[in-house]
Amino acid sequence: MLTIILYFFIAIVVIQLFYYLIVFGKFSFAKKQEFESKNIPISVIVCAKNEEENVIKYIPLLADQNYPDYEIVLIDDASSDNTLDVFEEFEKTYSNIKLVKVKNNEAFWGNKKYALTLGIKAAKKEHLLFTDADCYPTSKDWITAMSSQFTKEKTIVLGYSGYEKIANSLLNKIIRFETLLTAIQYFSWAKMGKPYMGVGRNLAYKKEEFFNVNGFIDHIQIRSGDDDLFINQAANSDNTTISYSPESFTYSAPKTTFKDWFIQKRRHVATATHYKAFDKIQLAIFFSSQLLFLIIPIVLLAFQFQWILVVSLIGFRYLVTWIVTGFAAGKLKEKDVMYWYPIIEIILIFTQINVFVTNIFSKPTHWK
């Protein structure tokens, strides 16, 4: 029996090495990305609901971009605070800002996809660049860097959106590591020709891609997924590319309590259950192999069965994953989280289990 368990453990290690070396290596070992302006007319779209404080801080940063031809479409999704008032002042101040006011609709109550659809239809430009109201770009060349990846064939651009660093916070490192790992996954699979998700905090696509799949209609009843479910449906090997130059990044403030972060994770995991079959399977295999990699060696080492081989496999796996993830962390400016890598990975694995179990018994909440 122990021999069978050992062979099974070897198979798990092989699966992990396949993911990290063959799949994730596509992004981790990719060359540095350069960009130059193509001056494509761009509509930057921001949807906000009760984000008064954030839009006061961040919309001026969007209005101060070094880009010759762009508009900012501000969508107020029936806010109950002063977000609409702030937007109206911005519309008076900046000539390239267009305001879309969304009233509560009984059929789409509290549905961000309905609000975004109105904003997309109101946009004058054919190329759309999305971010959230609580996000800000890292440079004045954000629009330039993201839009530079558009070509005649590549009409969807997946970007990176990280979280601000908080000193001496383990939770912050966990959140940023998870964000890093998620980016490695969707960037790498996109480079493999199997794009499966993107994040709405930094995402671009041509308007025609939205209408080609009838917008959000196929998943309008699902409150989340205006970004990843749309990409899961619309993206393919021919029309999708990635943007990962530092100038193309956006950032936002991370959750500061485990409870708030856990609620956020529940929403993300619940949305992933609606992905295409292949994407759900590859994600399930990756997560299962991570979990089994932790559990199976405990059994083998408890009986000291082939312990030298088992320890060697553990060490080799950690060496490979540390190197691959480390190269990606360097590209995405997240190197500091790698010092905590083994501990954070273990915490994430068991947090994921907790999320799965919790979601079985109750549904997570979504848009405000």
# chains A, B, ... in the order shown; residues from 1 in each chain; ligands from 1
call {"tool": "select_by_dssp", "arguments": {"residues": "stretch 147-203 of chain A", "states": "strand (DSSP E or B)", "output": "list in words"}}
result
Ile156, Val157, Leu158, Ser161, Gly162, Tyr163 and Leu203 of chain A
call {"tool": "residues_around", "arguments": {"residues": "A:Asp77", "least_positions_apart": "6", "cutoff": "10 Å", "atoms": "only C-alpha atoms", "output": "list of chain:residue names"}}
result
A:Cys47, A:Ala48, A:Lys49, A:Asn50, A:Thr83, A:Leu84, A:Val100, A:Lys101, A:Val102, A:Lys103, A:Asn104, A:Gly110, A:Asn111, A:Lys112, A:Tyr114, A:Ala115, A:Leu116, A:Lys368
call {"tool": "residues_around", "arguments": {"residues": "stretch 119-135 of chain A", "least_positions_apart": "3", "cutoff": "6 Å", "atoms": "only C-alpha atoms", "output": "CSV table (one decimal) with C-alpha atoms, in the first residue's frame"}}
result
chain,number,residue,atom,x,y,z
A,41,PRO,CA,-8.8,56.2,-29.6
A,42,ILE,CA,-9.7,54.8,-26.2
A,43,SER,CA,-12.8,55.0,-23.9
A,44,VAL,CA,-11.8,54.5,-20.2
A,45,ILE,CA,-14.8,53.1,-18.4
A,46,VAL,CA,-15.3,53.3,-14.6
A,48,ALA,CA,-19.0,53.2,-9.3
A,54,ASN,CA,-12.3,56.8,-4.0
A,55,VAL,CA,-13.5,58.7,-7.1
A,116,LEU,CA,-21.6,48.5,-17.4
A,200,GLY,CA,-12.1,44.2,-14.4
A,201,ARG,CA,-9.7,46.4,-12.4
A,202,ASN,CA,-7.4,46.4,-15.5
A,203,LEU,CA,-8.9,45.0,-18.7
A,204,ALA,CA,-9.3,46.2,-22.3
A,205,TYR,CA,-11.2,45.0,-25.3
A,206,LYS,CA,-12.8,46.2,-28.5
A,207,LYS,CA,-16.5,47.0,-28.4
A,251,TYR,CA,-3.4,49.2,-7.8
A,252,SER,CA,-6.1,49.3,-5.1
call {"tool": "closest_residue", "arguments": {"among": "A:Ala145, A:Ile4, A:Ile343, A:Leu301", "to": "A:Thr250", "atoms": "only C-alpha atoms"}}
result
A:Ala145
call {"tool": "residues_around", "arguments": {"residues": "A:His274", "least_positions_apart": "2", "cutoff": "12 Å", "atoms": "only C-alpha atoms", "output": "PyMOL selection string"}}
result
chain A and resi 196-197+218-219+221-225+228-233+267-272+276-281
call {"tool": "write_last_selection", "arguments": {"atoms": "C-alpha atoms", "output": "PDB file, in the first residue's frame"}}
result
ATOM      1  CA  TYR A 196      -9.968  31.843 -19.221  1.00  0.00           C
ATOM      2  CA  MET A 197     -10.278  35.017 -17.126  1.00  0.00           C
ATOM      3  CA  ASP A 218     -25.652  34.647 -21.102  1.00  0.00           C
ATOM      4  CA  HIS A 219     -24.676  35.220 -17.469  1.00  0.00           C
ATOM      5  CA  GLN A 221     -28.456  36.379 -13.810  1.00  0.00           C
ATOM      6  CA  ILE A 222     -25.078  35.804 -12.105  1.00  0.00           C
ATOM      7  CA  ARG A 223     -24.348  38.916 -10.065  1.00  0.00           C
ATOM      8  CA  SER A 224     -20.563  38.699 -10.472  1.00  0.00           C
ATOM      9  CA  GLY A 225     -18.390  37.943 -13.497  1.00  0.00           C
ATOM     10  CA  ASP A 228     -13.899  36.867 -15.785  1.00  0.00           C
ATOM     11  CA  LEU A 229     -17.136  35.308 -17.099  1.00  0.00           C
ATOM     12  CA  PHE A 230     -17.076  37.683 -20.052  1.00  0.00           C
ATOM     13  CA  ILE A 231     -13.453  36.790 -20.826  1.00  0.00           C
ATOM     14  CA  ASN A 232     -14.195  33.088 -20.305  1.00  0.00           C
ATOM     15  CA  GLN A 233     -16.841  33.367 -22.996  1.00  0.00           C
ATOM     16  CA  ARG A 267     -17.315  35.657  -4.488  1.00  0.00           C
ATOM     17  CA  HIS A 268     -14.361  34.836  -6.744  1.00  0.00           C
ATOM     18  CA  VAL A 269     -14.624  31.081  -6.183  1.00  0.00           C
ATOM     19  CA  ALA A 270     -18.406  31.091  -6.691  1.00  0.00           C
ATOM     20  CA  THR A 271     -17.973  32.846 -10.038  1.00  0.00           C
ATOM     21  CA  ALA A 272     -15.360  30.308 -11.195  1.00  0.00           C
ATOM     22  CA  LYS A 276     -16.051  26.430 -19.277  1.00  0.00           C
ATOM     23  CA  ALA A 277     -15.478  22.751 -18.486  1.00  0.00           C
ATOM     24  CA  PHE A 278     -11.777  22.735 -19.473  1.00  0.00           C
ATOM     25  CA  ASP A 279     -11.014  25.741 -17.320  1.00  0.00           C
ATOM     26  CA  LYS A 280     -12.802  24.309 -14.294  1.00  0.00           C
ATOM     27  CA  ILE A 281     -10.970  21.000 -14.734  1.00  0.00           C
TER      28      ILE A 281
END
call {"tool": "closest_residue", "arguments": {"among": "A:Glu209, A:Phe293, A:Thr257, A:Thr179", "to": "A:Val310", "atoms": "only C-alpha atoms"}}
result
A:Phe293
call {"tool": "closest_residue", "arguments": {"among": "A:Phe249, A:Tyr318, A:Tyr244, A:Phe211", "to": "A:Ser28", "atoms": "only C-alpha atoms"}}
result
A:Tyr244
call {"tool": "closest_residue", "arguments": {"among": "A:Lys26, A:Arg317, A:Lys255, A:Lys331", "to": "A:Ile175", "atoms": "only C-alpha atoms"}}
result
A:Lys255
call {"tool": "select_by_dssp", "arguments": {"residues": "stretch 79-124 of chain A", "states": "alpha helix (DSSP H)", "output": "list in words"}}
result
Thr83, Leu84, Asp85, Val86, Phe87, Glu88, Glu89, Phe90, Glu91, Lys92, Thr93, Lys112, Lys113, Tyr114, Ala115, Leu116, Thr117, Leu118, Gly119, Ile120, Lys121 and Ala122 of chain A
call {"tool": "write_last_selection", "arguments": {"atoms": "N, CA and C atoms", "output": "PDB file, in the first residue's frame"}}
result
ATOM      1  N   THR A  83     -21.532  60.191  -4.725  1.00  0.00           N
ATOM      2  CA  THR A  83     -20.755  59.824  -5.920  1.00  0.00           C
ATOM      3  C   THR A  83     -21.248  60.564  -7.157  1.00  0.00           C
ATOM      4  N   LEU A  84     -22.555  60.620  -7.362  1.00  0.00           N
ATOM      5  CA  LEU A  84     -23.105  61.286  -8.547  1.00  0.00           C
ATOM      6  C   LEU A  84     -22.751  62.771  -8.554  1.00  0.00           C
ATOM      7  N   ASP A  85     -22.824  63.414  -7.392  1.00  0.00           N
ATOM      8  CA  ASP A  85     -22.478  64.840  -7.313  1.00  0.00           C
ATOM      9  C   ASP A  85     -21.019  65.074  -7.703  1.00  0.00           C
ATOM     10  N   VAL A  86     -20.140  64.191  -7.215  1.00  0.00           N
ATOM     11  CA  VAL A  86     -18.721  64.299  -7.546  1.00  0.00           C
ATOM     12  C   VAL A  86     -18.512  64.102  -9.046  1.00  0.00           C
ATOM     13  N   PHE A  87     -19.183  63.125  -9.622  1.00  0.00           N
ATOM     14  CA  PHE A  87     -19.082  62.872 -11.058  1.00  0.00           C
ATOM     15  C   PHE A  87     -19.551  64.081 -11.871  1.00  0.00           C
ATOM     16  N   GLU A  88     -20.619  64.708 -11.422  1.00  0.00           N
ATOM     17  CA  GLU A  88     -21.131  65.866 -12.151  1.00  0.00           C
ATOM     18  C   GLU A  88     -20.142  67.031 -12.131  1.00  0.00           C
ATOM     19  N   GLU A  89     -19.427  67.168 -11.031  1.00  0.00           N
ATOM     20  CA  GLU A  89     -18.390  68.206 -10.959  1.00  0.00           C
ATOM     21  C   GLU A  89     -17.230  67.886 -11.896  1.00  0.00           C
ATOM     22  N   PHE A  90     -16.858  66.595 -11.946  1.00  0.00           N
ATOM     23  CA  PHE A  90     -15.788  66.185 -12.861  1.00  0.00           C
ATOM     24  C   PHE A  90     -16.200  66.433 -14.314  1.00  0.00           C
ATOM     25  N   GLU A  91     -17.456  66.180 -14.627  1.00  0.00           N
ATOM     26  CA  GLU A  91     -17.937  66.366 -15.993  1.00  0.00           C
ATOM     27  C   GLU A  91     -17.823  67.835 -16.408  1.00  0.00           C
ATOM     28  N   LYS A  92     -18.019  68.728 -15.444  1.00  0.00           N
ATOM     29  CA  LYS A  92     -17.882  70.156 -15.723  1.00  0.00           C
ATOM     30  C   LYS A  92     -16.410  70.565 -15.858  1.00  0.00           C
ATOM     31  N   THR A  93     -15.546  69.869 -15.109  1.00  0.00           N
ATOM     32  CA  THR A  93     -14.121  70.246 -15.058  1.00  0.00           C
ATOM     33  C   THR A  93     -13.336  69.726 -16.253  1.00  0.00           C
ATOM     34  N   LYS A 112     -24.291  45.077 -11.555  1.00  0.00           N
ATOM     35  CA  LYS A 112     -23.239  45.891 -12.169  1.00  0.00           C
ATOM     36  C   LYS A 112     -23.189  45.694 -13.677  1.00  0.00           C
ATOM     37  N   LYS A 113     -23.544  44.513 -14.159  1.00  0.00           N
ATOM     38  CA  LYS A 113     -23.478  44.234 -15.592  1.00  0.00           C
ATOM     39  C   LYS A 113     -24.446  45.126 -16.375  1.00  0.00           C
ATOM     40  N   TYR A 114     -25.593  45.398 -15.780  1.00  0.00           N
ATOM     41  CA  TYR A 114     -26.563  46.297 -16.427  1.00  0.00           C
ATOM     42  C   TYR A 114     -25.971  47.698 -16.550  1.00  0.00           C
ATOM     43  N   ALA A 115     -25.360  48.180 -15.459  1.00  0.00           N
ATOM     44  CA  ALA A 115     -24.746  49.510 -15.469  1.00  0.00           C
ATOM     45  C   ALA A 115     -23.600  49.578 -16.471  1.00  0.00           C
ATOM     46  N   LEU A 116     -22.758  48.559 -16.496  1.00  0.00           N
ATOM     47  CA  LEU A 116     -21.643  48.542 -17.444  1.00  0.00           C
ATOM     48  C   LEU A 116     -22.132  48.511 -18.887  1.00  0.00           C
ATOM     49  N   THR A 117     -23.205  47.774 -19.145  1.00  0.00           N
ATOM     50  CA  THR A 117     -23.755  47.711 -20.496  1.00  0.00           C
ATOM     51  C   THR A 117     -24.161  49.096 -20.984  1.00  0.00           C
ATOM     52  N   LEU A 118     -24.798  49.874 -20.122  1.00  0.00           N
ATOM     53  CA  LEU A 118     -25.182  51.234 -20.491  1.00  0.00           C
ATOM     54  C   LEU A 118     -23.945  52.094 -20.766  1.00  0.00           C
ATOM     55  N   GLY A 119     -22.903  51.910 -19.957  1.00  0.00           N
ATOM     56  CA  GLY A 119     -21.670  52.662 -20.160  1.00  0.00           C
ATOM     57  C   GLY A 119     -20.972  52.296 -21.450  1.00  0.00           C
ATOM     58  N   ILE A 120     -20.939  51.009 -21.757  1.00  0.00           N
ATOM     59  CA  ILE A 120     -20.296  50.543 -22.996  1.00  0.00           C
ATOM     60  C   ILE A 120     -21.033  51.089 -24.210  1.00  0.00           C
ATOM     61  N   LYS A 121     -22.349  51.079 -24.156  1.00  0.00           N
ATOM     62  CA  LYS A 121     -23.134  51.596 -25.280  1.00  0.00           C
ATOM     63  C   LYS A 121     -22.942  53.102 -25.449  1.00  0.00           C
ATOM     64  N   ALA A 122     -22.680  53.788 -24.337  1.00  0.00           N
ATOM     65  CA  ALA A 122     -22.490  55.247 -24.403  1.00  0.00           C
ATOM     66  C   ALA A 122     -21.095  55.642 -24.865  1.00  0.00           C
TER      67      ALA A 122
END
